[in-house]
>>> print(open('model_8.cif').read())   # mmCIF, C-alpha atoms
data_coords
#
loop_
_atom_site.group_PDB
_atom_site.id
_atom_site.type_symbol
_atom_site.label_atom_id
_atom_site.label_comp_id
_atom_site.auth_asym_id
_atom_site.auth_seq_id
_atom_site.Cartn_x
_atom_site.Cartn_y
_atom_site.Cartn_z
ATOM 1 C CA MET A 1302 0.000 0.000 0.000
ATOM 2 C CA PRO A 1303 1.521 3.371 -1.001
ATOM 3 C CA ARG A 1304 2.397 5.914 1.635
ATOM 4 C CA GLY A 1305 0.233 8.989 1.601
ATOM 5 C CA VAL A 1306 -0.187 12.498 2.882
ATOM 6 C CA ILE A 1307 -3.419 13.709 4.407
ATOM 7 C CA THR A 1308 -4.412 16.899 2.650
ATOM 8 C CA CYS A 1309 -7.675 18.488 3.673
ATOM 9 C CA GLY A 1310 -8.935 15.108 4.835
ATOM 10 C CA VAL A 1311 -8.072 13.368 1.556
ATOM 11 C CA LEU A 1312 -5.306 10.801 1.329
ATOM 12 C CA LYS A 1313 -3.034 11.634 -1.612
ATOM 13 C CA LYS A 1314 -0.557 9.067 -2.872
ATOM 14 C CA GLU A 1315 2.977 10.002 -2.049
ATOM 15 C CA SER A 1316 4.966 7.278 -3.831
ATOM 16 C CA ILE A 1317 8.636 8.317 -3.642
ATOM 17 C CA PHE A 1318 7.817 12.027 -3.355
ATOM 18 C CA LYS A 1319 8.335 13.163 0.217
ATOM 19 C CA PRO A 1320 6.254 16.202 1.164
ATOM 20 C CA MET A 1321 8.113 19.148 2.656
ATOM 21 C CA PHE A 1322 6.225 18.652 5.891
ATOM 22 C CA PRO A 1323 4.039 15.769 7.090
ATOM 23 C CA TYR A 1324 0.546 17.227 6.871
ATOM 24 C CA ALA A 1325 0.616 19.395 3.789
ATOM 25 C CA ILE A 1326 -2.403 21.521 3.012
ATOM 26 C CA GLU A 1327 -1.220 22.216 -0.515
ATOM 27 C CA TRP A 1328 1.348 20.649 -2.815
ATOM 28 C CA PRO A 1329 4.578 22.515 -3.577
ATOM 29 C CA GLN A 1330 4.065 25.176 -6.238
ATOM 30 C CA PHE A 1331 6.228 26.268 -9.140
ATOM 31 C CA PHE A 1332 5.794 30.044 -9.039
ATOM 32 C CA THR A 1333 6.889 32.595 -11.639
ATOM 33 C CA ALA A 1334 6.596 36.356 -11.274
ATOM 34 C CA VAL A 1335 7.581 38.750 -14.047
ATOM 35 C CA ILE A 1336 8.515 42.416 -13.716
ATOM 36 C CA TYR A 1337 6.035 44.738 -15.416
ATOM 37 C CA ASP A 1338 6.788 45.167 -19.117
ATOM 38 C CA TRP A 1339 9.788 42.812 -18.686
ATOM 39 C CA LEU A 1340 11.881 45.712 -17.374
ATOM 40 C CA PRO A 1341 15.345 44.593 -16.124
ATOM 41 C CA ILE A 1342 14.767 45.955 -12.613
ATOM 42 C CA LEU A 1343 16.265 42.883 -10.945
ATOM 43 C CA GLU A 1344 19.512 43.414 -12.816
ATOM 44 C CA LYS A 1345 20.759 45.350 -9.786
ATOM 45 C CA GLU A 1346 21.650 43.424 -6.639
ATOM 46 C CA LYS A 1347 19.793 45.768 -4.294
ATOM 47 C CA TYR A 1348 16.482 44.808 -5.891
ATOM 48 C CA LYS A 1349 17.339 41.107 -5.863
ATOM 49 C CA ASN A 1350 18.186 41.495 -2.181
ATOM 50 C CA ILE A 1351 14.666 42.790 -1.512
ATOM 51 C CA ILE A 1352 13.351 39.500 -2.917
ATOM 52 C CA ILE A 1353 15.845 37.498 -0.830
ATOM 53 C CA SER A 1354 14.956 39.464 2.303
ATOM 54 C CA SER A 1355 11.247 38.760 1.796
ATOM 55 C CA LEU A 1356 11.914 35.047 1.276
ATOM 56 C CA GLN A 1357 14.107 34.974 4.395
ATOM 57 C CA TYR A 1358 11.289 36.522 6.407
ATOM 58 C CA MET A 1359 8.724 34.040 5.090
ATOM 59 C CA VAL A 1360 10.996 31.050 5.778
ATOM 60 C CA SER A 1361 12.135 32.181 9.246
ATOM 61 C CA ASN A 1362 8.542 32.976 10.264
ATOM 62 C CA LYS A 1363 7.455 29.528 9.098
ATOM 63 C CA ARG A 1364 5.099 30.691 6.391
ATOM 64 C CA ILE A 1365 6.732 28.711 3.586
ATOM 65 C CA GLU A 1366 9.185 25.967 2.746
ATOM 66 C CA LEU A 1367 11.389 27.046 -0.160
ATOM 67 C CA SER A 1368 12.930 24.257 -2.233
ATOM 68 C CA SER A 1369 14.274 26.106 -5.228
ATOM 69 C CA PHE A 1370 14.669 29.624 -6.591
ATOM 70 C CA VAL A 1371 16.353 31.768 -9.193
ATOM 71 C CA LEU A 1372 16.284 35.551 -9.521
ATOM 72 C CA MET A 1373 16.812 36.775 -13.074
ATOM 73 C CA LYS A 1374 16.887 40.353 -14.471
ATOM 74 C CA THR A 1375 13.212 40.440 -15.399
ATOM 75 C CA HIS A 1376 11.582 37.592 -13.489
ATOM 76 C CA ILE A 1377 11.847 35.082 -10.679
ATOM 77 C CA HIS A 1378 11.065 31.377 -10.363
ATOM 78 C CA LEU A 1379 10.419 29.619 -7.052
ATOM 79 C CA ILE A 1380 9.307 26.269 -5.782
ATOM 80 C CA TRP A 1381 7.632 26.930 -2.485
ATOM 81 C CA GLN A 1382 4.956 25.432 -0.319
ATOM 82 C CA PRO A 1383 2.754 27.165 2.247
ATOM 83 C CA LYS A 1384 3.145 25.916 5.813
ATOM 84 C CA PRO A 1385 0.030 24.959 7.769
ATOM 85 C CA GLY A 1386 -1.986 28.038 8.670
ATOM 86 C CA TYR A 1387 -1.136 29.837 5.428
ATOM 87 C CA SER A 1388 -2.751 29.505 2.044
ATOM 88 C CA LEU A 1389 -1.029 29.790 -1.307
ATOM 89 C CA GLN A 1390 -3.057 32.917 -2.027
ATOM 90 C CA GLN A 1391 -1.950 34.529 1.254
ATOM 91 C CA ILE A 1392 1.754 33.948 0.705
ATOM 92 C CA GLN A 1393 1.655 35.064 -2.919
ATOM 93 C CA LEU A 1394 -0.265 38.231 -2.116
ATOM 94 C CA ALA A 1395 1.984 39.126 0.826
ATOM 95 C CA PHE A 1396 5.157 38.415 -1.148
ATOM 96 C CA MET A 1397 4.097 40.333 -4.257
ATOM 97 C CA LYS A 1398 2.717 43.315 -2.343
ATOM 98 C CA TYR A 1399 5.703 43.669 -0.009
ATOM 99 C CA THR A 1400 8.385 43.271 -2.680
ATOM 100 C CA ALA A 1401 6.580 45.643 -5.077
ATOM 101 C CA GLN A 1402 6.320 48.303 -2.375
ATOM 102 C CA GLN A 1403 9.970 47.972 -1.351
ATOM 103 C CA ILE A 1404 11.228 48.018 -4.954
ATOM 104 C CA LYS A 1405 9.048 51.046 -5.716
ATOM 105 C CA LEU A 1406 10.451 52.938 -2.697
ATOM 106 C CA GLU A 1407 14.020 52.177 -3.777
ATOM 107 C CA LEU A 1408 13.280 53.233 -7.359
ATOM 108 C CA MET A 1409 11.766 56.500 -6.103
ATOM 109 C CA LYS A 1410 15.009 57.295 -4.277
ATOM 110 C CA PHE A 1411 17.637 55.972 -6.664
ATOM 111 C CA ASP A 1412 16.170 55.460 -10.125
ATOM 112 C CA PRO A 1413 13.079 57.629 -10.781
ATOM 113 C CA GLU A 1414 13.543 57.273 -14.543
ATOM 114 C CA LEU A 1415 13.160 53.511 -14.319
ATOM 115 C CA LEU A 1416 10.194 53.955 -11.976
ATOM 116 C CA GLU A 1417 8.494 56.109 -14.622
ATOM 117 C CA LYS A 1418 8.620 53.123 -16.987
ATOM 118 C CA CYS A 1419 6.432 51.334 -14.418
ATOM 119 C CA ARG A 1420 3.741 54.032 -14.535
ATOM 120 C CA VAL A 1421 0.277 52.688 -15.295
ATOM 121 C CA ASN A 1422 -3.113 54.240 -15.830
ATOM 122 C CA LYS A 1423 -5.005 52.234 -13.205
ATOM 123 C CA PRO A 1424 -7.563 53.506 -10.710
ATOM 124 C CA ASP A 1425 -5.922 51.648 -7.794
ATOM 125 C CA ARG A 1426 -2.242 52.381 -8.448
ATOM 126 C CA LYS A 1427 0.170 54.805 -10.055
ATOM 127 C CA TYR A 1428 2.980 52.293 -10.617
ATOM 128 C CA GLN A 1429 3.092 48.574 -11.221
ATOM 129 C CA ILE A 1430 6.225 46.588 -10.427
ATOM 130 C CA TRP A 1431 5.037 43.027 -11.054
ATOM 131 C CA LYS A 1432 3.094 41.967 -14.105
ATOM 132 C CA ARG A 1433 -0.409 40.768 -13.243
ATOM 133 C CA GLU A 1434 -1.306 37.080 -13.356
ATOM 134 C CA SER A 1435 1.802 35.365 -12.027
ATOM 135 C CA LEU A 1436 2.105 31.694 -12.838
ATOM 136 C CA SER A 1437 1.577 29.035 -10.184
ATOM 137 C CA VAL A 1438 1.697 25.338 -11.071
ATOM 138 C CA GLU A 1439 0.964 22.565 -8.567
ATOM 139 C CA LEU A 1440 3.787 20.021 -8.328
ATOM 140 C CA ASP A 1441 1.956 16.896 -7.264
ATOM 141 C CA ASN A 1442 4.495 14.296 -8.352
ATOM 142 C CA PRO A 1443 8.298 13.900 -8.196
ATOM 143 C CA ILE A 1444 8.826 13.963 -11.965
ATOM 144 C CA ARG A 1445 7.072 17.306 -12.415
ATOM 145 C CA PHE A 1446 8.910 18.647 -9.355
ATOM 146 C CA LYS A 1447 12.332 17.638 -10.707
ATOM 147 C CA ILE A 1448 11.579 19.018 -14.184
ATOM 148 C CA LYS A 1449 10.636 22.413 -12.733
ATOM 149 C CA MET A 1450 13.603 22.462 -10.380
ATOM 150 C CA ASP A 1451 15.990 21.737 -13.258
ATOM 151 C CA TYR A 1452 14.261 24.443 -15.315
ATOM 152 C CA ILE A 1453 14.820 26.928 -12.479
ATOM 153 C CA HIS A 1454 18.484 26.009 -12.030
ATOM 154 C CA TYR A 1455 19.295 26.065 -15.739
ATOM 155 C CA ASN A 1456 17.603 29.424 -16.373
ATOM 156 C CA PRO A 1457 20.863 31.434 -15.888
ATOM 157 C CA VAL A 1458 22.787 28.961 -18.076
ATOM 158 C CA VAL A 1459 20.281 29.331 -20.916
ATOM 159 C CA ALA A 1460 20.420 33.131 -20.487
ATOM 160 C CA GLY A 1461 24.223 33.007 -20.861
ATOM 161 C CA PHE A 1462 25.012 34.277 -17.350
ATOM 162 C CA CYS A 1463 27.098 31.237 -16.411
ATOM 163 C CA LYS A 1464 28.333 27.917 -17.726
ATOM 164 C CA TYR A 1465 27.015 25.776 -14.842
ATOM 165 C CA PRO A 1466 23.903 26.347 -12.716
ATOM 166 C CA GLU A 1467 25.813 26.348 -9.419
ATOM 167 C CA GLU A 1468 27.919 29.329 -10.594
ATOM 168 C CA TYR A 1469 24.938 31.694 -10.482
ATOM 169 C CA TYR A 1470 24.753 33.400 -7.090
ATOM 170 C CA TYR A 1471 21.023 34.189 -6.916
ATOM 171 C CA SER A 1472 19.908 30.601 -7.232
ATOM 172 C CA SER A 1473 19.471 27.490 -5.128
ATOM 173 C CA ALA A 1474 21.544 25.393 -7.568
ATOM 174 C CA LYS A 1475 24.709 25.676 -5.437
ATOM 175 C CA PHE A 1476 22.781 24.321 -2.444
ATOM 176 C CA TYR A 1477 21.946 21.172 -4.402
ATOM 177 C CA GLN A 1478 25.557 20.911 -5.614
ATOM 178 C CA ASP A 1479 27.436 21.308 -2.326
ATOM 179 C CA GLY A 1480 24.899 22.049 0.435
ATOM 180 C CA LYS A 1481 25.853 25.744 0.708
ATOM 181 C CA ASP A 1482 23.067 28.312 0.977
ATOM 182 C CA PRO A 1483 24.417 31.827 1.593
ATOM 183 C CA PHE A 1484 20.862 33.110 2.149
ATOM 184 C CA ASN A 1485 19.830 30.371 4.594
ATOM 185 C CA ILE A 1486 16.393 29.916 2.993
ATOM 186 C CA VAL A 1487 16.403 26.623 1.099
ATOM 187 C CA THR A 1488 15.023 23.348 2.400
ATOM 188 C CA HIS A 1489 16.073 20.276 0.422
ATOM 189 C CA PHE A 1490 13.025 18.878 -1.326
ATOM 190 C CA MET A 1491 13.808 15.417 0.059
ATOM 191 C CA GLY A 1492 13.729 16.691 3.633
#
>>> encode(input="model_8.cif", output="structure tokens")
Amino acid sequence: MPRGVITCGVLKKESIFKPMFPYAIEWPQFFTAVIYDWLPILEKEKYKNIIISSLQYMVSNKRIELSSFVLMKTHIHLIWQPKPGYSLQQIQLAFMKYTAQQIKLELMKFDPELLEKCRVNKPDRKYQIWKRESLSVELDNPIRFKIKMDYIHYNPVVAGFCKYPEEYYYSSAKFYQDGKDPFNIVTHFMG
């Protein structure tokens, strides 16, 4: 009989895929967020560090488990999973709202010209940092999980930023290569 995970009262088959914590409410999610109009805002480290800081907060306050990430110039990819007590919608909304606000404040101070490229004609906002409709894909089996994790880690290689995934600093690839995580945010997907 296959091992399983109780999720919302339903037994889901686990097979060889170990959940990030024993009583998962939701499966891990492959999450992609894109900067508005594909602007290269995340090209600068200070904006990437806002993303890292937000992820550190969410991990240390036990809101998410983070298995994989990469921060590119125009977008980010994550594999994360909400911890019990938090929904996927809650963590996404909090993450997107906080990082957008912090990036906007930094742009106001240090790069108002780039901020002007984020100007939108919306009734509820003057600027938009993240493109609407981020992508979130449920990873309910180990094959899909591994495919998405490899996609995340090879993103900088395909973009020409490095020869090997573990050479790119703003990625979890090095953690899976040698166990080193300079940001202290990654949990190995196998526990």
>>> closest_residue(input="model_8.cif", among="A:Tyr1387, A:Phe1370, A:Trp1381, A:Phe1484", to="Tyr1452 in chain A", atoms="all atoms listed in the file")
A:Phe1370
>>> resolve_selection(input="model_8.cif", expression="the PyMOL selection byres ((chain A and resi 1437) around 8)", output="VMD selection string")
chain A and resid 1330 to 1333 1435 to 1436 1438 to 1439
>>> resolve_selection(input="model_8.cif", expression="the PyMOL selection byres ((chain A and resi 1364) around 12)", output="short mmCIF file (atom, residue, chain, number, x, y, z; two decimals) with C-alpha atoms, in the frame of the given file")
data_model
loop_
_atom_site.label_atom_id
_atom_site.label_comp_id
_atom_site.auth_asym_id
_atom_site.auth_seq_id
_atom_site.Cartn_x
_atom_site.Cartn_y
_atom_site.Cartn_z
CA SER A 1355 11.25 38.76 1.80
CA LEU A 1356 11.91 35.05 1.28
CA GLN A 1357 14.11 34.97 4.39
CA TYR A 1358 11.29 36.52 6.41
CA MET A 1359 8.72 34.04 5.09
CA VAL A 1360 11.00 31.05 5.78
CA SER A 1361 12.14 32.18 9.25
CA ASN A 1362 8.54 32.98 10.26
CA LYS A 1363 7.46 29.53 9.10
CA ILE A 1365 6.73 28.71 3.59
CA GLU A 1366 9.18 25.97 2.75
CA LEU A 1367 11.39 27.05 -0.16
CA TRP A 1381 7.63 26.93 -2.48
CA GLN A 1382 4.96 25.43 -0.32
CA PRO A 1383 2.75 27.16 2.25
CA LYS A 1384 3.14 25.92 5.81
CA PRO A 1385 0.03 24.96 7.77
CA GLY A 1386 -1.99 28.04 8.67
CA TYR A 1387 -1.14 29.84 5.43
CA SER A 1388 -2.75 29.50 2.04
CA LEU A 1389 -1.03 29.79 -1.31
CA GLN A 1390 -3.06 32.92 -2.03
CA GLN A 1391 -1.95 34.53 1.25
CA ILE A 1392 1.75 33.95 0.70
CA GLN A 1393 1.66 35.06 -2.92
CA ALA A 1395 1.98 39.13 0.83
CA PHE A 1396 5.16 38.42 -1.15
CA ILE A 1486 16.39 29.92 2.99
#
>>> axis_aligned_box(input="model_8.cif", around="range 1381-1388 of chain A", padding_each_side="6 Å", output="JSON")
{"center_x": 2.4, "center_y": 27.4, "center_z": 3.1, "size_x": 22.4, "size_y": 16.9, "size_z": 23.2}
>>> closest_residue(input="model_8.cif", among="A:His1489, A:Pro1466, A:Trp1431, A:Lys1347", to="Phe1411 in chain A", atoms="only C-alpha atoms")
A:Lys1347
>>> resolve_selection(input="model_8.cif", expression="the PyMOL selection byres ((chain A and resi 1432) around 8)", output="list in words")
Ala1334, Val1335, Ile1336, Tyr1337, Asp1338, Gln1429, Ile1430, Trp1431, Arg1433, Glu1434 and Ser1435 of chain A
